[in-house]
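Printed here is my_file38.cif (mmCIF, C-alpha atoms):
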```cif
data_run
#
loop_
_atom_site.label_atom_id
_atom_site.label_comp_id
_atom_site.auth_asym_id
_atom_site.auth_seq_id
_atom_site.Cartn_x
_atom_site.Cartn_y
_atom_site.Cartn_z
CA MET A 20 194.87 -77.17 -15.10
CA PRO A 21 191.58 -78.77 -16.21
CA LEU A 22 191.62 -81.57 -18.73
CA PRO A 23 191.12 -80.37 -22.33
CA GLU A 24 188.05 -81.60 -24.16
CA HIS A 25 188.79 -84.72 -26.18
CA SER A 26 186.48 -84.16 -29.12
CA LYS A 27 183.58 -82.15 -30.46
CA GLY A 28 180.17 -83.66 -29.95
CA SER A 29 179.55 -83.78 -33.69
CA ALA A 30 182.53 -86.04 -34.37
CA PRO A 31 181.78 -89.59 -35.54
CA ALA A 32 182.39 -92.37 -33.05
CA ALA A 33 185.99 -93.49 -32.62
CA ARG A 34 187.17 -96.32 -34.89
CA ASP A 35 189.71 -98.82 -33.65
CA ARG A 36 192.50 -99.62 -36.12
CA SER A 37 195.01 -102.42 -36.42
CA PRO A 38 198.23 -101.76 -34.49
CA VAL A 39 200.77 -99.67 -36.40
CA LYS A 40 204.52 -99.27 -36.07
CA ARG A 41 205.61 -96.67 -33.56
CA ALA A 42 206.33 -93.22 -35.02
CA PRO A 43 210.05 -92.48 -35.34
CA GLY A 44 210.51 -89.30 -33.33
CA ARG A 45 210.28 -87.82 -29.85
CA LEU A 46 210.07 -84.18 -28.84
CA ASN A 47 211.76 -82.19 -26.13
CA TYR A 48 209.32 -79.96 -24.25
CA VAL A 49 210.04 -76.84 -22.21
CA GLU A 50 208.06 -75.53 -19.24
CA SER A 51 205.44 -72.94 -20.16
CA ASP A 52 202.55 -71.25 -18.35
CA ARG A 53 200.52 -71.23 -21.59
CA VAL A 54 200.24 -73.61 -24.52
CA GLY A 55 198.79 -73.42 -28.00
CA PHE A 56 196.21 -70.71 -28.63
CA GLU A 57 196.50 -69.67 -24.98
CA HIS A 58 199.48 -67.59 -26.12
CA VAL A 59 197.07 -65.13 -27.76
CA PRO A 60 196.32 -62.35 -25.23
CA ASP A 61 192.75 -62.20 -23.91
CA GLU A 62 192.38 -58.60 -25.09
CA LEU A 63 193.16 -59.63 -28.65
CA ILE A 64 190.81 -62.62 -28.53
CA SER A 65 188.00 -60.31 -27.41
CA GLN A 66 188.74 -58.00 -30.35
CA LEU A 67 188.67 -60.90 -32.81
CA TYR A 68 185.38 -62.25 -31.50
CA GLY A 69 183.89 -58.76 -31.25
CA SER A 70 184.72 -58.12 -34.92
CA SER A 71 183.26 -61.51 -35.95
CA VAL A 72 186.63 -62.69 -37.21
CA LEU A 73 186.50 -65.68 -34.87
CA ARG A 74 183.08 -67.29 -35.25
CA GLY A 75 181.82 -70.62 -34.01
CA GLU A 76 183.30 -72.96 -31.41
CA MET A 77 187.07 -73.30 -31.57
CA TRP A 78 188.02 -76.82 -32.63
CA VAL A 79 191.75 -76.70 -33.35
CA ALA A 80 194.18 -73.78 -33.07
CA SER A 81 197.64 -72.72 -32.02
CA ALA A 82 199.87 -69.68 -31.66
CA GLU A 83 203.49 -68.74 -31.22
CA PRO A 84 204.47 -67.15 -27.89
CA PRO A 85 204.37 -63.32 -28.11
CA VAL A 86 207.80 -61.79 -28.64
CA ALA A 87 209.08 -58.23 -28.18
CA ARG A 88 211.11 -56.77 -31.04
CA ARG A 89 213.12 -53.63 -31.66
CA ARG A 90 213.00 -51.61 -34.88
CA THR A 91 216.00 -49.90 -36.42
CA ASP A 92 214.64 -46.53 -35.23
CA GLY A 93 214.80 -47.73 -31.62
CA SER A 94 211.06 -48.23 -31.10
CA HIS A 95 209.68 -51.51 -29.77
CA PHE A 96 206.66 -53.65 -30.51
CA GLN A 97 205.21 -57.02 -29.55
CA HIS A 98 204.21 -59.63 -32.10
CA VAL A 99 202.15 -62.83 -32.05
CA ALA A 100 201.18 -65.13 -34.93
CA ALA A 101 198.32 -67.63 -34.73
CA TRP A 102 195.83 -69.80 -36.57
CA TRP A 103 192.36 -70.92 -35.53
CA ALA A 104 189.57 -73.12 -36.87
CA SER A 105 185.97 -73.92 -36.01
CA ASP A 106 183.67 -76.10 -38.10
CA GLU A 107 182.78 -72.93 -40.07
CA ARG A 108 186.03 -71.19 -40.96
CA PHE A 109 189.82 -71.11 -40.82
CA VAL A 110 191.63 -67.96 -39.68
CA GLN A 111 195.30 -66.99 -39.82
CA PHE A 112 196.64 -63.72 -38.42
CA ASP A 113 199.62 -61.70 -37.24
CA ALA A 114 199.08 -59.16 -34.47
CA THR A 115 201.23 -56.37 -33.07
CA ARG A 116 201.05 -53.68 -30.41
CA GLU A 117 203.41 -50.84 -29.67
CA LEU A 118 205.65 -50.95 -26.59
CA THR A 119 207.38 -48.21 -24.67
CA MET A 120 210.44 -48.48 -22.44
CA THR A 121 210.03 -47.16 -18.92
CA ALA A 122 212.69 -45.42 -16.86
CA ASP A 123 213.66 -48.72 -15.22
CA GLY A 124 214.28 -50.32 -18.63
CA ARG A 125 211.10 -52.39 -18.81
CA LEU A 126 208.82 -52.61 -21.84
CA ARG A 127 205.18 -51.72 -21.35
CA PRO A 128 202.21 -51.70 -23.78
CA ARG A 129 201.64 -48.31 -25.43
CA SER A 130 198.72 -49.26 -27.67
CA SER A 131 196.03 -51.87 -28.15
CA TRP A 132 196.54 -54.82 -30.46
CA GLU A 133 196.24 -54.56 -34.24
CA ALA A 134 195.71 -57.75 -36.23
CA ARG A 135 195.84 -58.56 -39.94
CA GLY A 136 195.22 -61.87 -41.58
CA SER A 137 192.87 -63.93 -43.71
CA ILE A 138 189.65 -65.90 -43.32
CA ARG A 139 188.68 -68.96 -45.33
CA GLU A 140 185.00 -69.87 -45.05
CA PHE A 141 184.17 -73.57 -45.30
CA ARG A 142 181.62 -74.37 -47.97
CA GLU A 143 179.74 -76.55 -45.49
CA PRO A 144 180.19 -77.45 -41.79
CA VAL A 145 182.88 -80.10 -41.46
CA PRO A 146 182.61 -82.61 -38.62
CA PRO A 147 186.00 -84.25 -38.06
CA THR A 148 186.63 -87.96 -38.60
CA ARG A 149 187.78 -89.58 -35.38
CA ALA A 150 190.03 -92.63 -35.07
CA THR A 151 192.12 -94.45 -32.47
CA TRP A 152 195.66 -95.52 -33.34
CA ARG A 153 197.35 -98.26 -31.32
CA TYR A 154 201.03 -99.04 -31.62
CA GLU A 155 202.53 -102.48 -32.02
CA VAL A 156 204.23 -103.88 -28.93
CA GLN A 157 207.95 -103.15 -29.16
CA LEU A 158 210.68 -105.54 -28.14
CA SER A 159 213.37 -104.35 -25.77
CA SER A 160 216.59 -102.93 -27.14
CA PRO A 161 219.72 -105.14 -27.03
CA ALA A 162 220.84 -103.45 -23.82
CA GLY A 163 217.45 -103.98 -22.24
CA GLY A 164 214.70 -101.43 -21.65
CA ARG A 165 212.69 -99.51 -24.22
CA PRO A 166 214.17 -98.76 -27.63
CA ARG A 167 215.21 -95.13 -27.88
CA ARG A 168 213.73 -92.96 -30.60
CA PRO A 169 215.65 -90.03 -32.12
CA LYS A 170 214.77 -86.49 -31.12
CA THR A 171 212.85 -84.36 -33.59
CA THR A 172 211.55 -80.82 -33.89
CA GLU A 173 208.56 -81.86 -36.03
CA PRO A 174 205.47 -82.78 -33.96
CA LEU A 175 204.04 -84.87 -36.80
CA ASP A 176 206.95 -87.29 -36.34
CA LEU A 177 205.16 -88.53 -33.21
CA LEU A 178 202.12 -89.73 -35.17
CA PRO A 179 201.50 -92.76 -37.40
CA ARG A 180 202.60 -92.06 -40.97
CA ALA A 181 199.08 -92.60 -42.29
CA VAL A 182 198.01 -89.55 -40.27
CA ALA A 183 201.10 -87.35 -40.51
CA GLY A 184 201.46 -87.73 -44.27
CA GLN A 185 198.22 -85.87 -44.91
CA LEU A 186 199.57 -82.75 -43.18
CA ALA A 187 203.14 -82.82 -44.53
CA GLY A 188 204.29 -79.42 -45.69
CA GLY A 189 201.88 -77.57 -43.41
CA SER A 190 202.28 -76.16 -39.91
CA SER A 191 202.14 -78.10 -36.64
CA ASP A 192 202.52 -77.63 -32.89
CA ALA A 193 202.56 -79.85 -29.80
CA TRP A 194 202.42 -79.58 -26.04
CA LYS A 195 201.93 -81.58 -22.85
CA THR A 196 199.79 -80.80 -19.82
CA SER A 197 199.84 -82.84 -16.63
CA GLY A 198 198.80 -82.98 -13.02
CA ARG A 199 198.63 -85.45 -10.21
CA GLY A 200 197.61 -88.78 -11.73
CA TRP A 201 197.10 -87.56 -15.31
CA ALA A 202 199.03 -86.41 -18.35
CA ILE A 203 197.93 -85.37 -21.84
CA GLU A 204 199.91 -84.80 -25.03
CA GLU A 205 198.31 -82.87 -27.87
CA ILE A 206 199.35 -82.22 -31.48
CA VAL A 207 197.59 -79.81 -33.83
CA ALA A 208 198.32 -79.15 -37.49
CA TYR A 209 196.96 -77.60 -40.67
CA ARG A 210 197.77 -77.44 -44.38
CA VAL A 211 196.13 -75.23 -47.02
CA ASP A 212 196.10 -76.17 -50.71
CA ASP A 213 193.90 -75.78 -53.79
CA GLY A 214 190.68 -74.73 -52.10
CA HIS A 215 191.03 -77.12 -49.17
CA VAL A 216 192.06 -76.75 -45.53
CA HIS A 217 193.37 -79.96 -43.95
CA LEU A 218 193.09 -79.94 -40.15
CA LEU A 219 194.28 -82.34 -37.47
CA ARG A 220 194.01 -82.63 -33.73
CA ALA A 221 195.64 -85.61 -31.97
CA LEU A 222 195.43 -86.44 -28.27
CA ARG A 223 196.77 -89.15 -26.04
CA GLU A 224 196.40 -89.43 -22.28
CA ALA A 225 197.73 -91.56 -19.46
CA THR A 226 198.22 -91.59 -15.71
CA SER A 227 201.76 -90.20 -15.99
CA GLN A 228 204.06 -88.54 -18.52
CA ARG A 229 206.12 -91.73 -18.78
CA ALA A 230 203.04 -93.77 -19.59
CA LEU A 231 202.19 -91.41 -22.46
CA GLU A 232 204.91 -93.04 -24.57
CA THR A 233 202.80 -96.18 -25.06
CA ALA A 234 199.32 -94.60 -24.96
CA ASP A 235 196.94 -94.69 -27.94
CA TRP A 236 196.59 -91.61 -30.13
CA VAL A 237 193.04 -90.41 -30.72
CA THR A 238 192.96 -88.27 -33.85
CA GLU A 239 190.37 -85.96 -35.34
CA ALA A 240 190.97 -84.98 -38.94
CA ALA A 241 189.03 -82.89 -41.44
CA ASP A 242 189.43 -81.99 -45.10
CA ALA A 243 187.36 -78.83 -45.55
CA ARG A 244 186.54 -77.28 -48.93
CA CYS A 245 186.85 -73.52 -48.62
CA GLY A 246 186.45 -70.30 -50.55
CA ALA A 247 189.17 -67.80 -51.39
CA ALA A 248 191.09 -66.18 -48.53
CA LEU A 249 189.38 -62.94 -47.43
CA PRO A 250 191.72 -60.38 -45.82
CA PHE A 251 190.79 -58.65 -42.58
CA SER A 252 192.27 -55.96 -40.35
CA ILE A 253 191.20 -54.90 -36.87
CA GLY A 254 192.51 -52.40 -34.36
CA GLY A 255 194.47 -49.22 -34.95
CA THR A 256 192.50 -46.40 -36.54
CA GLU A 257 189.92 -48.80 -37.97
CA ARG A 258 187.84 -51.18 -35.94
CA ALA A 259 187.43 -53.55 -38.89
CA SER A 260 188.40 -52.74 -42.46
CA SER A 261 187.38 -55.99 -44.17
CA THR A 262 185.20 -58.39 -42.25
CA PRO A 263 183.24 -61.03 -44.19
CA PRO A 264 179.47 -60.88 -43.75
CA SER A 265 178.00 -62.98 -40.96
#
```
Could I get this structure in the form of structure tokens?
Amino acid sequence: MPLPEHSKGSAPAARDRSPVKRAPGRLNYVESDRVGFEHVPDELISQLYGSSVLRGEMWVASAEPPVARRRTDGSHFQHVAAWWASDERFVQFDATRELTMTADGRLRPRSSWEARGSIREFREPVPPTRATWRYEVQLSSPAGGRPRRPKTTEPLDLLPRAVAGQLAGGSSDAWKTSGRGWAIEEIVAYRVDDGHVHLLRALREATSQRALETADWVTEAADARCGAALPFSIGGTERASSTPPS
């Protein structure tokens, strides 16, 4: 897997900060062929770009893995939820497509994807603020070796409090990618409140997954002023029922 881009070209130069105390948590990861926004099917992404819902270069985004569900009437459908942001807009959506069960008991697509969600246009392009966060050197635990940190299910628990606190109460996701001689951990998050969208992308990299534990975090954060949420719908009987003007 190729290395993800570390930052947008428009981001200010990285700023070194004084060492901070190590964040309290650690995550358990599971193997996955796709991470983040990669969970959104290519067909659906093409629909969203073709309808001008997704516009601009993706900066930060994530999605839940698609899941198949059964209705009370016995029919089946597939669902995926995602969010996406460029330096122009923030998009949230839920998408579904109908499934049919074949004679061998497998579920197959029976329709194309339909998506509904909202778009928040930024009042002006928002280049993220970039910073590097270094952790204080930790002493060994009484038994020797590295101090153990408690497990958590909240990705923001891996980041310095000065960063994580700005996104508290929002939504976050995290994943690792690695190959021979390299490993990357990434955290993305957003929070919407009172005409603002707060966005965060954090990356750290090292030569191995073990070495990631002491690597610096490089964060990109933005506080974007936005307009009211504009609803949209694509797919189904209508190609696009409410798409903001380009």
Applying the PyMOL selection byres ((chain A and resi 201) around 7) to the file I just gave you, which residues come out? Please list them as a PDB file with C-alpha atoms, in the coordinates of the input.
```pdb
ATOM      1  CA  SER A 197     199.840 -82.840 -16.630  1.00  0.00           C
ATOM      2  CA  GLY A 198     198.800 -82.980 -13.020  1.00  0.00           C
ATOM      3  CA  ARG A 199     198.630 -85.450 -10.210  1.00  0.00           C
ATOM      4  CA  GLY A 200     197.610 -88.780 -11.730  1.00  0.00           C
ATOM      5  CA  ALA A 202     199.030 -86.410 -18.350  1.00  0.00           C
ATOM      6  CA  ILE A 203     197.930 -85.370 -21.840  1.00  0.00           C
ATOM      7  CA  ALA A 225     197.730 -91.560 -19.460  1.00  0.00           C
ATOM      8  CA  THR A 226     198.220 -91.590 -15.710  1.00  0.00           C
ATOM      9  CA  SER A 227     201.760 -90.200 -15.990  1.00  0.00           C
TER      10      SER A 227
END
```
Atomic separation - atom CA of Leu67 of chain A relative to atom CA of Ala221 of chain A, Å: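 Atom-to-atom, atom CA of Ala221 of chain A to atom CA of Leu67 of chain A, that is 25.7 Å.
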Ground truth for the PyMOL selection byres ((chain A and resi 104-106) around 9), written as a PyMOL selection string: chain A and resi 73-80+102-103+107-111+141+143-147+218+243
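When atom CA of Gln185 of chain A is paired with atom CA of Arg53 of chain A, their separation reads 27.6 Å.
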Selection result for the PyMOL selection byres ((chain A and resi 94) around 9) on this file, as a PyMOL selection string: chain A and resi 88-93+95-96+117-120
Counting all atoms listed in the file, the residue of A:Arg210, A:Arg153, A:Arg223, A:Arg244 that sits nearest Val39 of chain A: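 Going through A:Arg210, A:Arg153, A:Arg223, A:Arg244 one by one, the smallest distance to Val39 of chain A is for A:Arg153.
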Computed interatomic separation between atom CA of Val216 of chain A and atom CA of Phe251 of chain A (Å): 18.4 Å
Within-9 Å shell of (196.6, -86.4, -39.8) in input frame, all atoms listed in the file, as a PyMOL selection string: chain A and resi 175+178-187+207-209+217-221+238-241
Exercise: Trp132 of chain A partners within 12 Å, all atoms listed in the file, chain neighbours under 2 positions left out, as a ChimeraX atom specification: /A:59-67,85,96-99,112-118,128-130,134-135,252-258
Nearest to Pro84 of chain A, chosen from A:Thr151, A:Thr171, A:Ser51, A:Gln228, with only C-alpha atoms counted in the distances: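 Of A:Thr151, A:Thr171, A:Ser51, A:Gln228, the one nearest Pro84 of chain A, counting only C-alpha atoms, is A:Ser51.
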Which residue of A:Arg45, A:Val86, A:Glu224, A:Ser71 approaches Leu126 of chain A most closely, using all atoms listed in the file: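 When distances to Leu126 of chain A are compared using all atoms listed in the file, the smallest one comes from A:Val86.
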Pick from A:Pro174, A:Gly188, A:Gly124, A:Gly246 nearest to Glu204 of chain A, counting only C-alpha atoms: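 Nearest candidate to Glu204 of chain A out of A:Pro174, A:Gly188, A:Gly124, A:Gly246: A:Pro174.
Counting all atoms listed in the file, the residue from A:Asp242, A:Glu133, A:Glu173, A:Glu140 that sits nearest to Trp194 of chain A is A:Glu173.
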A:Tyr48, A:Trp152, A:Trp236, A:Tyr68 ranked by distance to Asp192 of chain A, top pick (using only C-alpha atoms): A:Tyr48
For Leu249 of chain A: contacts at 7 Å, all atoms listed in the file, fewer than 6 positions along chain excluded, given as a PDB file with C-alpha atoms, in the coordinates of the input:
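Output below, filename part_22.pdb:
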```pdb
ATOM      1  CA  SER A 137     192.870 -63.930 -43.710  1.00  0.00           C
ATOM      2  CA  ILE A 138     189.650 -65.900 -43.320  1.00  0.00           C
ATOM      3  CA  ARG A 139     188.680 -68.960 -45.330  1.00  0.00           C
TER       4      ARG A 139
END
```
Where atoms are absent from segment 48-59 of chain A, fill them in so it carries N, CA, C and O atoms, then output it as a PDB file, in the frame of the given file.
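See result.pdb below for the written result:
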```pdb
ATOM      1  N   TYR A  48     210.232 -81.021 -24.642  1.00  0.00           N
ATOM      2  CA  TYR A  48     209.320 -79.960 -24.250  1.00  0.00           C
ATOM      3  C   TYR A  48     209.991 -79.045 -23.228  1.00  0.00           C
ATOM      4  O   TYR A  48     210.876 -79.471 -22.479  1.00  0.00           O
ATOM      5  N   VAL A  49     209.554 -77.788 -23.207  1.00  0.00           N
ATOM      6  CA  VAL A  49     210.040 -76.840 -22.210  1.00  0.00           C
ATOM      7  C   VAL A  49     208.859 -76.374 -21.378  1.00  0.00           C
ATOM      8  O   VAL A  49     207.710 -76.368 -21.841  1.00  0.00           O
ATOM      9  N   GLU A  50     209.120 -75.990 -20.128  1.00  0.00           N
ATOM     10  CA  GLU A  50     208.060 -75.530 -19.240  1.00  0.00           C
ATOM     11  C   GLU A  50     207.438 -74.233 -19.778  1.00  0.00           C
ATOM     12  O   GLU A  50     208.142 -73.350 -20.275  1.00  0.00           O
ATOM     13  N   SER A  51     206.128 -74.132 -19.687  1.00  0.00           N
ATOM     14  CA  SER A  51     205.440 -72.940 -20.160  1.00  0.00           C
ATOM     15  C   SER A  51     204.139 -72.772 -19.376  1.00  0.00           C
ATOM     16  O   SER A  51     203.462 -73.763 -19.069  1.00  0.00           O
ATOM     17  N   ASP A  52     203.800 -71.520 -19.059  1.00  0.00           N
ATOM     18  CA  ASP A  52     202.550 -71.250 -18.350  1.00  0.00           C
ATOM     19  C   ASP A  52     201.354 -71.360 -19.289  1.00  0.00           C
ATOM     20  O   ASP A  52     200.226 -71.579 -18.844  1.00  0.00           O
ATOM     21  N   ARG A  53     201.594 -71.174 -20.597  1.00  0.00           N
ATOM     22  CA  ARG A  53     200.520 -71.230 -21.590  1.00  0.00           C
ATOM     23  C   ARG A  53     200.944 -72.139 -22.730  1.00  0.00           C
ATOM     24  O   ARG A  53     202.123 -72.251 -23.021  1.00  0.00           O
ATOM     25  N   VAL A  54     199.954 -72.738 -23.370  1.00  0.00           N
ATOM     26  CA  VAL A  54     200.240 -73.610 -24.520  1.00  0.00           C
ATOM     27  C   VAL A  54     199.262 -73.285 -25.637  1.00  0.00           C
ATOM     28  O   VAL A  54     198.158 -72.781 -25.409  1.00  0.00           O
ATOM     29  N   GLY A  55     199.679 -73.571 -26.869  1.00  0.00           N
ATOM     30  CA  GLY A  55     198.790 -73.420 -28.000  1.00  0.00           C
ATOM     31  C   GLY A  55     198.200 -72.036 -28.148  1.00  0.00           C
ATOM     32  O   GLY A  55     198.883 -71.015 -27.995  1.00  0.00           O
ATOM     33  N   PHE A  56     196.896 -71.983 -28.406  1.00  0.00           N
ATOM     34  CA  PHE A  56     196.210 -70.710 -28.630  1.00  0.00           C
ATOM     35  C   PHE A  56     196.138 -69.866 -27.370  1.00  0.00           C
ATOM     36  O   PHE A  56     195.797 -68.677 -27.434  1.00  0.00           O
ATOM     37  N   GLU A  57     196.465 -70.454 -26.221  1.00  0.00           N
ATOM     38  CA  GLU A  57     196.500 -69.670 -24.980  1.00  0.00           C
ATOM     39  C   GLU A  57     197.537 -68.547 -25.051  1.00  0.00           C
ATOM     40  O   GLU A  57     197.485 -67.599 -24.265  1.00  0.00           O
ATOM     41  N   HIS A  58     198.480 -68.645 -25.978  1.00  0.00           N
ATOM     42  CA  HIS A  58     199.480 -67.590 -26.120  1.00  0.00           C
ATOM     43  C   HIS A  58     198.873 -66.279 -26.628  1.00  0.00           C
ATOM     44  O   HIS A  58     199.474 -65.216 -26.461  1.00  0.00           O
ATOM     45  N   VAL A  59     197.714 -66.347 -27.252  1.00  0.00           N
ATOM     46  CA  VAL A  59     197.070 -65.130 -27.760  1.00  0.00           C
ATOM     47  C   VAL A  59     196.472 -64.368 -26.573  1.00  0.00           C
ATOM     48  O   VAL A  59     195.675 -64.934 -25.815  1.00  0.00           O
TER      49      VAL A  59
END
```
